[in-house]
$ cat model.csv   # CSV, C-alpha atoms and all ligand atoms
chain,number,residue,atom,x,y,z
A,565,MET,CA,43.6,-3.5,-135.3
A,566,GLU,CA,40.3,-1.7,-135.7
A,567,ASN,CA,39.5,1.6,-134.2
A,568,ILE,CA,36.8,1.2,-131.5
A,569,TYR,CA,35.0,4.3,-132.8
A,570,ASN,CA,34.1,2.2,-135.9
A,571,TYR,CA,31.8,0.1,-133.8
A,572,THR,CA,28.0,0.7,-133.4
A,573,LEU,CA,26.4,-0.3,-130.2
A,574,PRO,CA,24.9,-3.5,-131.7
A,575,LYS,CA,28.2,-4.4,-133.1
A,576,LEU,CA,30.0,-4.0,-129.8
A,577,GLU,CA,27.3,-6.0,-128.1
A,578,GLU,CA,27.9,-8.8,-130.6
A,579,TYR,CA,31.6,-8.6,-129.8
A,580,PHE,CA,31.1,-9.1,-126.1
A,581,LEU,CA,28.5,-11.8,-126.7
A,582,SER,CA,31.0,-13.6,-128.9
A,583,LYS,CA,33.5,-13.5,-126.0
A,584,GLY,CA,30.9,-15.1,-123.7
A,585,GLU,CA,30.4,-11.8,-121.9
A,586,LYS,CA,27.3,-9.8,-121.0
A,587,LYS,CA,25.8,-7.5,-123.6
A,588,PHE,CA,25.6,-4.8,-121.0
A,589,LYS,CA,29.4,-4.4,-121.2
A,590,ALA,CA,29.0,-2.8,-124.5
A,591,VAL,CA,26.7,-0.1,-123.1
A,592,GLN,CA,29.3,0.6,-120.4
A,593,VAL,CA,32.1,0.9,-122.9
A,594,PHE,CA,29.9,3.2,-125.1
A,595,GLU,CA,29.2,5.4,-122.2
A,596,TRP,CA,32.9,5.7,-121.4
A,597,LEU,CA,33.7,6.6,-125.0
A,598,TYR,CA,30.9,9.0,-125.7
A,599,LYS,CA,29.6,10.3,-122.4
A,600,HIS,CA,32.9,10.5,-120.5
A,601,ARG,CA,35.1,10.9,-123.6
A,602,ILE,CA,38.0,8.9,-122.3
A,603,THR,CA,41.3,8.9,-124.1
A,604,SER,CA,42.6,5.6,-122.9
A,605,PHE,CA,41.0,2.3,-122.0
A,606,ASP,CA,42.5,2.5,-118.5
A,607,GLU,CA,40.1,5.3,-117.6
A,608,MET,CA,37.1,2.9,-117.7
A,609,LYS,CA,36.6,2.6,-114.0
A,610,ASN,CA,33.8,0.0,-113.7
A,611,ILE,CA,35.3,-2.3,-116.3
A,612,SER,CA,37.3,-5.3,-115.1
A,613,LYS,CA,41.0,-5.5,-115.7
A,614,ILE,CA,40.6,-8.6,-117.9
A,615,THR,CA,38.1,-6.8,-120.2
A,616,LYS,CA,40.3,-3.7,-120.4
A,617,GLU,CA,43.3,-5.9,-121.4
A,618,ASP,CA,41.1,-7.6,-124.0
A,619,LEU,CA,40.0,-4.3,-125.5
A,620,LYS,CA,43.6,-3.1,-125.6
A,621,GLU,CA,44.6,-6.2,-127.5
A,622,ASN,CA,41.8,-5.9,-130.0
A,623,PHE,CA,41.1,-2.2,-130.5
A,624,LYS,CA,42.8,1.0,-131.1
A,625,LEU,CA,41.4,4.1,-129.4
A,626,GLU,CA,42.8,6.6,-131.8
A,627,THR,CA,41.8,10.1,-132.6
A,628,LEU,CA,42.2,12.5,-135.6
A,629,ALA,CA,45.1,14.9,-135.8
A,630,VAL,CA,44.0,18.5,-136.2
A,631,LEU,CA,46.4,20.3,-138.6
A,632,GLN,CA,44.6,23.6,-138.8
A,633,LYS,CA,41.8,25.6,-137.3
A,634,GLN,CA,40.5,28.7,-139.0
A,635,GLU,CA,38.0,30.9,-137.3
A,636,ASP,CA,35.6,33.6,-138.4
A,637,ILE,CA,32.9,35.2,-136.3
A,638,ASP,CA,30.3,32.5,-136.6
A,639,VAL,CA,32.1,29.7,-138.4
A,640,CYS,CA,35.2,27.6,-137.8
A,641,LYS,CA,36.9,25.3,-140.3
A,642,PHE,CA,39.1,22.4,-139.3
A,643,LEU,CA,41.6,20.5,-141.3
A,644,PHE,CA,42.2,16.9,-140.1
A,645,GLU,CA,44.9,14.5,-141.0
A,646,LEU,CA,43.8,10.8,-141.1
A,647,SER,CA,46.2,8.1,-140.0
A,648,ASP,CA,47.2,7.3,-143.6
A,649,GLY,CA,48.1,10.9,-144.2
A,650,ASN,CA,45.0,11.9,-146.2
A,651,LYS,CA,43.3,15.1,-145.2
A,652,ILE,CA,39.7,16.2,-144.8
A,653,GLU,CA,37.8,19.2,-143.6
A,654,ALA,CA,34.8,19.9,-141.3
A,655,VAL,CA,33.1,23.2,-140.7
A,656,LEU,CA,31.3,24.3,-137.6
A,657,MET,CA,28.5,26.9,-138.0
A,658,LYS,CA,27.2,28.8,-135.0
A,659,HIS,CA,23.5,29.4,-135.5
A,660,ASP,CA,21.1,31.0,-133.0
A,661,TYR,CA,19.4,27.6,-132.7
A,662,GLY,CA,22.7,25.8,-131.9
A,663,ASN,CA,26.0,24.5,-133.3
A,664,SER,CA,25.8,22.8,-136.6
A,665,LEU,CA,28.7,20.7,-137.8
A,666,CYS,CA,29.2,19.9,-141.5
A,667,VAL,CA,31.2,16.7,-141.8
A,668,SER,CA,33.0,15.0,-144.7
A,669,SER,CA,32.2,11.5,-145.7
A,670,GLN,CA,35.0,10.7,-148.2
A,671,VAL,CA,38.5,11.7,-149.2
A,672,GLY,CA,37.8,13.4,-152.5
A,673,CYS,CA,34.6,12.8,-154.5
A,674,ASN,CA,33.8,11.1,-157.7
A,675,MET,CA,30.5,12.8,-158.4
A,676,GLY,CA,32.2,15.4,-160.6
A,677,CYS,CA,29.8,18.3,-160.2
A,678,SER,CA,31.2,21.0,-162.4
A,679,PHE,CA,30.7,23.8,-160.0
A,680,CYS,CA,32.1,22.2,-156.9
A,681,GLU,CA,35.7,22.6,-155.6
A,682,SER,CA,35.5,19.5,-153.4
A,683,GLY,CA,35.2,17.3,-156.5
A,684,ARG,CA,38.4,18.5,-158.1
A,685,LEU,CA,40.2,15.8,-156.1
A,686,LYS,CA,38.8,12.4,-157.2
A,687,LYS,CA,37.8,10.0,-154.6
A,688,VAL,CA,40.8,8.5,-152.8
A,689,ARG,CA,38.7,6.4,-150.4
A,690,ASN,CA,35.7,6.3,-148.2
A,691,LEU,CA,35.9,7.6,-144.7
A,692,GLU,CA,35.7,5.0,-142.0
A,693,VAL,CA,32.9,5.3,-139.5
A,694,SER,CA,35.4,6.4,-136.8
A,695,GLU,CA,36.8,9.1,-139.0
A,696,MET,CA,33.3,10.7,-139.2
A,697,VAL,CA,32.5,10.2,-135.5
A,698,LEU,CA,35.9,11.7,-134.5
A,699,GLN,CA,35.2,14.9,-136.5
A,700,ILE,CA,32.4,15.6,-134.0
A,701,LEU,CA,34.4,14.5,-130.9
A,702,GLU,CA,37.4,16.5,-131.8
A,703,VAL,CA,35.5,19.7,-132.6
A,704,GLU,CA,33.6,19.4,-129.4
A,705,LYS,CA,36.7,18.9,-127.4
A,706,MET,CA,38.7,21.7,-129.1
A,707,LEU,CA,36.0,24.3,-128.7
A,708,GLY,CA,34.5,23.0,-125.5
A,709,ILE,CA,31.0,23.0,-127.0
A,710,ARG,CA,28.2,20.6,-127.8
A,711,ILE,CA,27.2,20.1,-131.4
A,712,SER,CA,23.4,20.1,-131.7
A,713,HIS,CA,23.0,19.7,-135.5
A,714,LEU,CA,24.9,17.6,-138.0
A,715,VAL,CA,24.9,17.9,-141.8
A,716,LEU,CA,26.7,15.4,-144.1
A,717,MET,CA,27.5,18.2,-146.5
A,718,GLY,CA,31.3,18.3,-146.4
A,719,ILE,CA,33.6,16.6,-148.9
A,720,GLY,CA,32.2,13.4,-150.5
A,721,GLU,CA,29.0,11.8,-151.5
A,722,PRO,CA,27.4,10.2,-148.4
A,723,PHE,CA,25.4,7.7,-150.5
A,724,ASP,CA,28.6,6.5,-152.2
A,725,ASN,CA,29.7,5.5,-148.7
A,726,TYR,CA,26.3,4.2,-147.6
A,727,LYS,CA,27.1,1.5,-145.0
A,728,ASN,CA,29.6,3.6,-143.1
A,729,VAL,CA,27.4,6.6,-143.2
A,730,MET,CA,24.5,4.6,-141.7
A,731,ASP,CA,26.7,3.2,-139.0
A,732,PHE,CA,28.0,6.7,-138.3
A,733,ILE,CA,24.4,7.9,-137.9
A,734,SER,CA,23.6,4.9,-135.6
A,735,ILE,CA,26.5,5.9,-133.3
A,736,ILE,CA,25.8,9.6,-133.1
A,737,ASN,CA,22.0,9.0,-132.7
A,738,GLU,CA,22.5,6.3,-130.0
A,739,PRO,CA,21.1,7.6,-126.6
A,740,LYS,CA,24.0,5.8,-124.9
A,741,GLY,CA,26.4,7.4,-127.3
A,742,ILE,CA,26.5,11.0,-128.6
A,743,ASP,CA,22.7,11.2,-128.5
A,744,LEU,CA,22.2,13.6,-131.4
A,745,GLY,CA,18.5,13.6,-132.3
A,746,ALA,CA,17.7,12.1,-135.7
A,747,ARG,CA,15.7,15.2,-136.7
A,748,HIS,CA,18.9,17.2,-136.2
A,749,ILE,CA,20.8,15.1,-138.7
A,750,THR,CA,20.7,15.8,-142.4
A,751,VAL,CA,22.1,13.6,-145.2
A,752,SER,CA,22.7,15.4,-148.5
A,753,THR,CA,22.9,13.5,-151.8
A,754,CYS,CA,23.5,14.5,-155.4
A,755,GLY,CA,20.7,12.1,-156.3
A,756,ILE,CA,21.8,8.4,-156.2
A,757,VAL,CA,18.4,7.0,-156.7
A,758,PRO,CA,18.8,3.4,-155.5
A,759,LYS,CA,20.3,4.7,-152.2
A,760,ILE,CA,17.4,7.2,-151.7
A,761,LEU,CA,15.1,4.2,-152.0
A,762,GLU,CA,17.2,2.2,-149.5
A,763,PHE,CA,17.5,5.2,-147.2
A,764,MET,CA,13.7,5.6,-146.9
A,765,ASN,CA,13.6,2.2,-145.1
A,766,ASN,CA,16.2,3.1,-142.5
A,767,GLY,CA,13.6,3.7,-139.9
A,768,LYS,CA,15.1,6.8,-138.4
A,769,GLN,CA,13.8,10.3,-138.7
A,770,VAL,CA,17.0,11.6,-140.3
A,771,ASN,CA,16.5,14.5,-142.8
A,772,LEU,CA,17.2,14.1,-146.5
A,773,ALA,CA,18.4,16.9,-148.7
A,774,ILE,CA,18.8,16.6,-152.5
A,775,SER,CA,21.3,18.7,-154.5
A,776,LEU,CA,19.0,19.4,-157.4
A,777,HIS,CA,20.5,22.6,-158.8
A,778,ALA,CA,18.5,22.6,-162.1
A,779,PRO,CA,14.9,22.4,-163.1
A,780,ASN,CA,15.4,20.1,-166.1
A,781,ASN,CA,17.8,17.4,-167.6
A,782,GLU,CA,19.3,19.7,-170.1
A,783,ILE,CA,20.8,22.0,-167.5
A,784,ARG,CA,21.4,19.3,-164.9
A,785,ASP,CA,23.3,17.2,-167.4
A,786,LYS,CA,25.8,20.0,-167.8
A,787,LEU,CA,26.2,20.6,-164.1
A,788,MET,CA,26.1,17.2,-162.6
A,789,LYS,CA,27.6,14.0,-164.0
A,790,ILE,CA,25.2,11.9,-161.8
A,791,ASN,CA,22.3,13.1,-164.0
A,792,HIS,CA,23.6,11.0,-166.8
A,793,ALA,CA,23.0,7.9,-164.6
A,794,TYR,CA,19.8,9.1,-162.8
A,795,LYS,CA,17.6,11.6,-164.7
A,796,ILE,CA,15.8,14.3,-162.8
A,797,GLU,CA,12.4,12.5,-163.2
A,798,GLU,CA,13.8,9.5,-161.5
A,799,VAL,CA,15.2,11.5,-158.7
A,800,ILE,CA,11.8,13.2,-158.2
A,801,GLU,CA,10.0,9.9,-158.4
A,802,ALA,CA,12.3,8.4,-155.7
A,803,VAL,CA,11.8,11.5,-153.5
A,804,LYS,CA,8.0,11.1,-153.8
A,805,LYS,CA,8.3,7.5,-152.7
A,806,TYR,CA,10.5,8.5,-149.8
A,807,ILE,CA,8.0,11.1,-148.7
A,808,GLU,CA,5.1,8.6,-149.0
A,809,LYS,CA,7.0,6.1,-146.9
A,810,THR,CA,8.5,8.4,-144.2
A,811,LYS,CA,6.0,11.3,-144.2
A,812,ARG,CA,9.0,13.5,-143.9
A,813,ARG,CA,9.6,16.7,-145.8
A,814,VAL,CA,12.6,16.8,-148.1
A,815,THR,CA,14.9,19.7,-148.8
A,816,PHE,CA,16.0,20.5,-152.4
A,817,GLU,CA,19.2,22.5,-152.6
A,818,TYR,CA,19.5,24.8,-155.5
A,819,ILE,CA,22.6,26.8,-156.2
A,820,LEU,CA,22.0,29.9,-158.2
A,821,LEU,CA,24.6,30.3,-160.9
A,822,GLN,CA,24.6,33.4,-163.0
A,823,GLY,CA,23.1,32.9,-166.4
A,824,VAL,CA,23.0,29.1,-166.0
A,825,ASN,CA,20.0,28.2,-163.9
A,826,ASP,CA,18.8,31.5,-162.4
A,827,SER,CA,16.3,32.8,-165.0
A,828,GLU,CA,12.6,33.4,-164.4
A,829,ALA,CA,11.8,30.5,-166.8
A,830,CYS,CA,14.0,28.2,-164.6
A,831,ALA,CA,12.1,29.4,-161.5
A,832,LYS,CA,8.8,28.6,-163.1
A,833,GLU,CA,10.0,25.2,-164.4
A,834,LEU,CA,11.3,24.4,-160.9
A,835,ALA,CA,8.0,25.3,-159.4
A,836,ARG,CA,6.1,23.1,-161.8
A,837,LEU,CA,8.5,20.2,-161.1
A,838,LEU,CA,8.0,20.4,-157.4
A,839,LYS,CA,4.4,21.4,-157.2
A,840,GLY,CA,2.5,19.2,-154.7
A,841,ILE,CA,5.6,17.7,-153.2
A,842,ASN,CA,6.1,18.0,-149.4
A,843,CYS,CA,9.4,19.8,-149.7
A,844,TYR,CA,11.2,23.1,-149.4
A,845,VAL,CA,13.8,24.6,-151.6
A,846,ASN,CA,16.9,26.0,-150.2
A,847,LEU,CA,18.4,28.5,-152.6
A,848,ILE,CA,22.2,28.7,-152.2
A,849,PRO,CA,24.0,31.8,-153.4
A,850,TYR,CA,27.0,30.3,-155.2
A,851,ASN,CA,30.3,30.6,-153.5
A,852,GLU,CA,32.8,31.5,-156.2
A,853,THR,CA,36.1,29.7,-156.2
A,854,SER,CA,39.3,30.7,-158.0
A,855,HIS,CA,39.5,27.6,-160.1
A,856,LEU,CA,36.0,27.5,-161.5
A,857,GLU,CA,34.3,29.9,-163.8
A,858,TYR,CA,30.8,30.1,-162.5
A,859,LYS,CA,29.6,33.3,-161.1
A,860,LYS,CA,27.2,34.0,-158.3
A,861,SER,CA,23.8,35.4,-159.2
A,862,SER,CA,23.2,39.0,-158.2
A,863,LYS,CA,21.1,39.8,-155.1
A,864,GLU,CA,18.3,41.1,-157.4
A,865,VAL,CA,18.2,37.9,-159.4
A,866,ILE,CA,18.2,35.8,-156.2
A,867,ASP,CA,15.3,37.8,-154.8
A,868,LYS,CA,13.4,37.5,-158.0
A,869,PHE,CA,13.9,33.7,-158.1
A,870,TYR,CA,12.8,33.5,-154.5
A,871,ASN,CA,9.7,35.5,-155.1
A,872,MET,CA,8.7,33.6,-158.2
A,873,LEU,CA,8.9,30.3,-156.2
A,874,LYS,CA,7.0,31.8,-153.3
A,875,LYS,CA,4.3,33.1,-155.6
A,876,GLU,CA,4.0,29.6,-157.1
A,877,GLY,CA,3.3,28.2,-153.6
A,878,ILE,CA,6.7,26.6,-153.0
A,879,ASN,CA,8.3,26.8,-149.5
A,880,VAL,CA,11.6,28.5,-150.1
A,881,THR,CA,14.5,29.9,-148.1
A,882,VAL,CA,17.8,31.5,-149.1
A,883,ARG,CA,20.7,30.0,-147.4
A,884,ARG,CA,22.6,32.3,-145.1
A,885,GLU,CA,26.2,32.8,-146.3
A,886,PHE,CA,28.7,31.3,-144.0
A,887,GLY,CA,32.5,31.2,-144.0
A,888,SER,CA,33.3,32.4,-147.5
A,889,LYS,CA,36.2,34.4,-146.1
A,890,ILE,CA,38.0,31.4,-144.8
A,891,SER,CA,36.9,29.2,-147.8
A,892,ALA,CA,34.7,27.2,-145.5
A,893,ALA,CA,31.6,27.6,-147.5
A,894,CYS,CA,29.7,24.9,-149.5
A,895,GLY,CA,31.7,23.7,-152.3
A,896,GLN,CA,34.9,25.3,-151.1
A,897,LEU,CA,36.2,22.5,-149.0
A,898,ARG,CA,39.0,20.4,-150.3
A,899,ALA,CA,41.2,17.7,-149.1
A,900,GLU,CA,44.5,19.6,-149.0
A,901,GLY,CA,46.2,22.0,-146.7
A,1001,LIG,N1,27.6,15.1,-152.3
A,1001,LIG,C1,26.6,15.5,-151.5
A,1001,LIG,C2,27.0,16.2,-150.2
A,1001,LIG,C3,27.8,17.5,-150.4
A,1001,LIG,S1,26.7,18.7,-149.9
A,1001,LIG,C4,25.6,16.4,-152.3
A,1001,LIG,O1,25.9,16.7,-153.5
A,1001,LIG,O2,24.6,16.8,-151.8
A,1001,LIG,C5,27.5,20.2,-150.4
A,1001,LIG,C6,26.4,21.1,-151.1
A,1001,LIG,O3,27.1,22.3,-151.5
A,1001,LIG,C7,25.8,20.5,-152.3
A,1001,LIG,O4,24.5,20.8,-152.4
A,1001,LIG,C8,26.7,21.1,-153.4
A,1001,LIG,O5,26.0,21.0,-154.6
A,1001,LIG,C9,26.8,22.5,-152.9
A,1001,LIG,N2,27.9,23.2,-153.5
A,1001,LIG,C10,29.0,22.8,-154.1
A,1001,LIG,N3,29.8,23.7,-154.6
A,1001,LIG,C11,29.2,24.9,-154.2
A,1001,LIG,C12,29.6,26.2,-154.3
A,1001,LIG,N4,30.7,26.6,-154.9
A,1001,LIG,N5,28.7,27.2,-153.8
A,1001,LIG,C13,27.6,26.8,-153.1
A,1001,LIG,N6,27.2,25.5,-152.9
A,1001,LIG,C14,28.0,24.6,-153.5
$ encode --input "model.csv" --output "structure tokens"
Amino acid sequence: MENIYNYTLPKLEEYFLSKGEKKFKAVQVFEWLYKHRITSFDEMKNISKITKEDLKENFKLETLAVLQKQEDIDVCKFLFELSDGNKIEAVLMKHDYGNSLCVSSQVGCNMGCSFCESGRLKKVRNLEVSEMVLQILEVEKMLGIRISHLVLMGIGEPFDNYKNVMDFISIINEPKGIDLGARHITVSTCGIVPKILEFMNNGKQVNLAISLHAPNNEIRDKLMKINHAYKIEEVIEAVKKYIEKTKRRVTFEYILLQGVNDSEACAKELARLLKGINCYVNLIPYNETSHLEYKKSSKEVIDKFYNMLKKEGINVTVRREFGSKISAACGQLRAEG
């Protein structure tokens, strides 16, 4: 039996139509699920008994088990258990502009970036749509808050689970559903070029972030396995097409790793690479993890790198550091307890 949270509104409409029912039923059910947050089908007051029985026969209304919640001042990490026993994490960040949730898209990850903790566990499977949707619903319920921003930057490569990620976005963006504005949703990819090109035609104003992390192939090849498949020039070319088509600004994420990609020469090369592209660069101070050898660049080096990019006319910010105390920071999430 399928979990009802896997269904987008159009898919649920199709379901009702196939049963000879009115499409509008789907809207009603959606509102019960996402506006009223029911926990059993019986709570759907304006739905006929027959329909409720039919839904009970055909769908599960099942949530995620929360195994652990770790809180710091402005960040909260959740460990969820999926129905097959696999585990994933999500992280809530409290910004002054709202609550941002970082969700996982896969159990494990096959991208094999050498600096990332999340990739130490190889991909076990893709997350179902419902398993992404429920990360939001559960966090909102547990903390009694509304999430205003969503980033697909947890465990996994969203573009390696493309169809489910797009259905997930459809559900959370749906005005009759969670109604999270597309401009408040960001998908981050390590650079799967064909999917960037597919994504540019999705018609929504969802933000795209690219994990670049290097100014050239020589360095990127060492850090990111995906660069063997899609070279940096191909990624940049795809991003240019994306911008041309969507007129939206793209974010490049760039982790600063001591002695690896943080030199002045790297900053200059990066500026040359990105010159004239409607983008901004988000410099990420590396979060060290006990299993990996990379070191974080010093504050001085980060400032220097930042200033060089700025001088070259690149829009640049340094990412605020969140949650390193509770291992909730970028690249520290893993699929185990
Ligand atoms: N697979 C997607 C989504 C994950 S996003 C992607 O690669 O974009 C997680 C972000 O955190 C990525 O930019 C990743 O490169 C970065 N990251 C990984 N390990 C990190 C670490 N230890 N410190 C800081 N950032 C890290």
$ closest_residue --input "model.csv" --among "A:Cys680, A:Met696, A:Leu847, A:Ile611" --to "ligand LIG 1001 (chain A)" --atoms "only C-alpha atoms and all ligand atoms"
A:Cys680
$ residues_near_ligand --input "model.csv" --ligand "ligand LIG 1001 (chain A)" --cutoff "7 Å" --atoms "only C-alpha atoms and all ligand atoms" --output "VMD selection string"
chain A and resid 679 to 681 716 to 722 752 to 754 773 to 775 817 819 848 to 853 893 to 896
$ atom_distance --input "model.csv" --atom1 "atom CA of Pro758 of chain A" --atom2 "atom CA of Cys673 of chain A"
18.4 Å
$ atom_distance --input "model.csv" --atom1 "atom CA of Gly708 of chain A" --atom2 "atom CA of Leu665 of chain A"
13.8 Å
$ closest_residue --input "model.csv" --among "A:Ser582, A:Asn728, A:Gln634, A:Asn674" --to "Val688 of chain A" --atoms "all atoms listed in the file"
A:Asn674
$ closest_residue --input "model.csv" --among "A:Glu738, A:Glu635, A:Glu653, A:Glu692" --to "Leu573 of chain A" --atoms "only C-alpha atoms"
A:Glu738
$ residues_around --input "model.csv" --residues "segment 824-827 of chain A" --least-positions-apart "4" --cutoff "8 Å" --atoms "only C-alpha atoms" --output "list in words"
His777, Ala778, Pro779, Ile783, Leu820, Ala831, Ser861, Val865, Ile866 and Phe869 of chain A
$ residues_near_point --input "model.csv" --point "(8.1, 9.7, -146.3)" --cutoff "12 Å" --atoms "all atoms listed in the file" --output "PyMOL selection string"
chain A and resi 760-761+763-772+802-814+841-843
$ decode --input "model.csv" --residues "segment 669-677 of chain A" --atoms "all heavy atoms" --output "mmCIF file, in the first residue's frame"
data_model
loop_
_atom_site.group_PDB
_atom_site.id
_atom_site.type_symbol
_atom_site.label_atom_id
_atom_site.label_comp_id
_atom_site.auth_asym_id
_atom_site.auth_seq_id
_atom_site.Cartn_x
_atom_site.Cartn_y
_atom_site.Cartn_z
ATOM 1 N N SER A 669 17.699 13.696 0.849
ATOM 2 C CA SER A 669 16.971 13.189 -0.320
ATOM 3 C C SER A 669 17.269 11.713 -0.609
ATOM 4 O O SER A 669 16.601 11.089 -1.429
ATOM 5 C CB SER A 669 17.302 14.033 -1.552
ATOM 6 O OG SER A 669 18.698 14.069 -1.778
ATOM 7 N N GLN A 670 18.289 11.158 0.055
ATOM 8 C CA GLN A 670 18.626 9.746 -0.141
ATOM 9 C C GLN A 670 19.118 9.149 1.183
ATOM 10 O O GLN A 670 19.524 9.890 2.079
ATOM 11 C CB GLN A 670 19.745 9.586 -1.178
ATOM 12 C CG GLN A 670 19.381 10.092 -2.566
ATOM 13 C CD GLN A 670 20.526 9.961 -3.562
ATOM 14 O OE1 GLN A 670 21.668 10.261 -3.250
ATOM 15 N NE2 GLN A 670 20.205 9.521 -4.783
ATOM 16 N N VAL A 671 19.091 7.827 1.263
ATOM 17 C CA VAL A 671 19.781 7.139 2.360
ATOM 18 C C VAL A 671 21.186 6.890 1.840
ATOM 19 O O VAL A 671 21.367 6.146 0.876
ATOM 20 C CB VAL A 671 19.108 5.798 2.710
ATOM 21 C CG1 VAL A 671 19.874 5.102 3.834
ATOM 22 C CG2 VAL A 671 17.653 6.004 3.110
ATOM 23 N N GLY A 672 22.175 7.548 2.424
ATOM 24 C CA GLY A 672 23.536 7.462 1.903
ATOM 25 C C GLY A 672 23.665 8.293 0.637
ATOM 26 O O GLY A 672 22.728 8.987 0.244
ATOM 27 N N CYS A 673 24.843 8.235 0.002
ATOM 28 C CA CYS A 673 25.076 9.042 -1.200
ATOM 29 C C CYS A 673 26.202 8.414 -2.006
ATOM 30 O O CYS A 673 27.195 7.966 -1.441
ATOM 31 C CB CYS A 673 25.462 10.469 -0.797
ATOM 32 S SG CYS A 673 25.746 11.571 -2.201
ATOM 33 N N ASN A 674 26.027 8.381 -3.327
ATOM 34 C CA ASN A 674 27.051 7.761 -4.178
ATOM 35 C C ASN A 674 28.000 8.737 -4.825
ATOM 36 O O ASN A 674 28.826 8.343 -5.640
ATOM 37 C CB ASN A 674 26.376 6.970 -5.301
ATOM 38 C CG ASN A 674 26.067 5.562 -4.842
ATOM 39 O OD1 ASN A 674 26.529 5.138 -3.780
ATOM 40 N ND2 ASN A 674 25.301 4.839 -5.641
ATOM 41 N N MET A 675 27.876 10.017 -4.500
ATOM 42 C CA MET A 675 28.665 11.002 -5.231
ATOM 43 C C MET A 675 30.138 10.968 -4.825
ATOM 44 O O MET A 675 31.001 11.379 -5.572
ATOM 45 C CB MET A 675 28.066 12.400 -5.059
ATOM 46 C CG MET A 675 26.663 12.523 -5.633
ATOM 47 S SD MET A 675 26.597 12.110 -7.406
ATOM 48 C CE MET A 675 25.471 10.723 -7.424
ATOM 49 N N GLY A 676 30.395 10.482 -3.617
ATOM 50 C CA GLY A 676 31.780 10.234 -3.215
ATOM 51 C C GLY A 676 32.671 11.454 -3.141
ATOM 52 O O GLY A 676 33.852 11.384 -3.488
ATOM 53 N N CYS A 677 32.158 12.586 -2.692
ATOM 54 C CA CYS A 677 33.005 13.766 -2.498
ATOM 55 C C CYS A 677 33.952 13.474 -1.327
ATOM 56 O O CYS A 677 33.503 13.006 -0.276
ATOM 57 C CB CYS A 677 32.161 14.998 -2.213
ATOM 58 S SG CYS A 677 31.035 15.390 -3.564
#
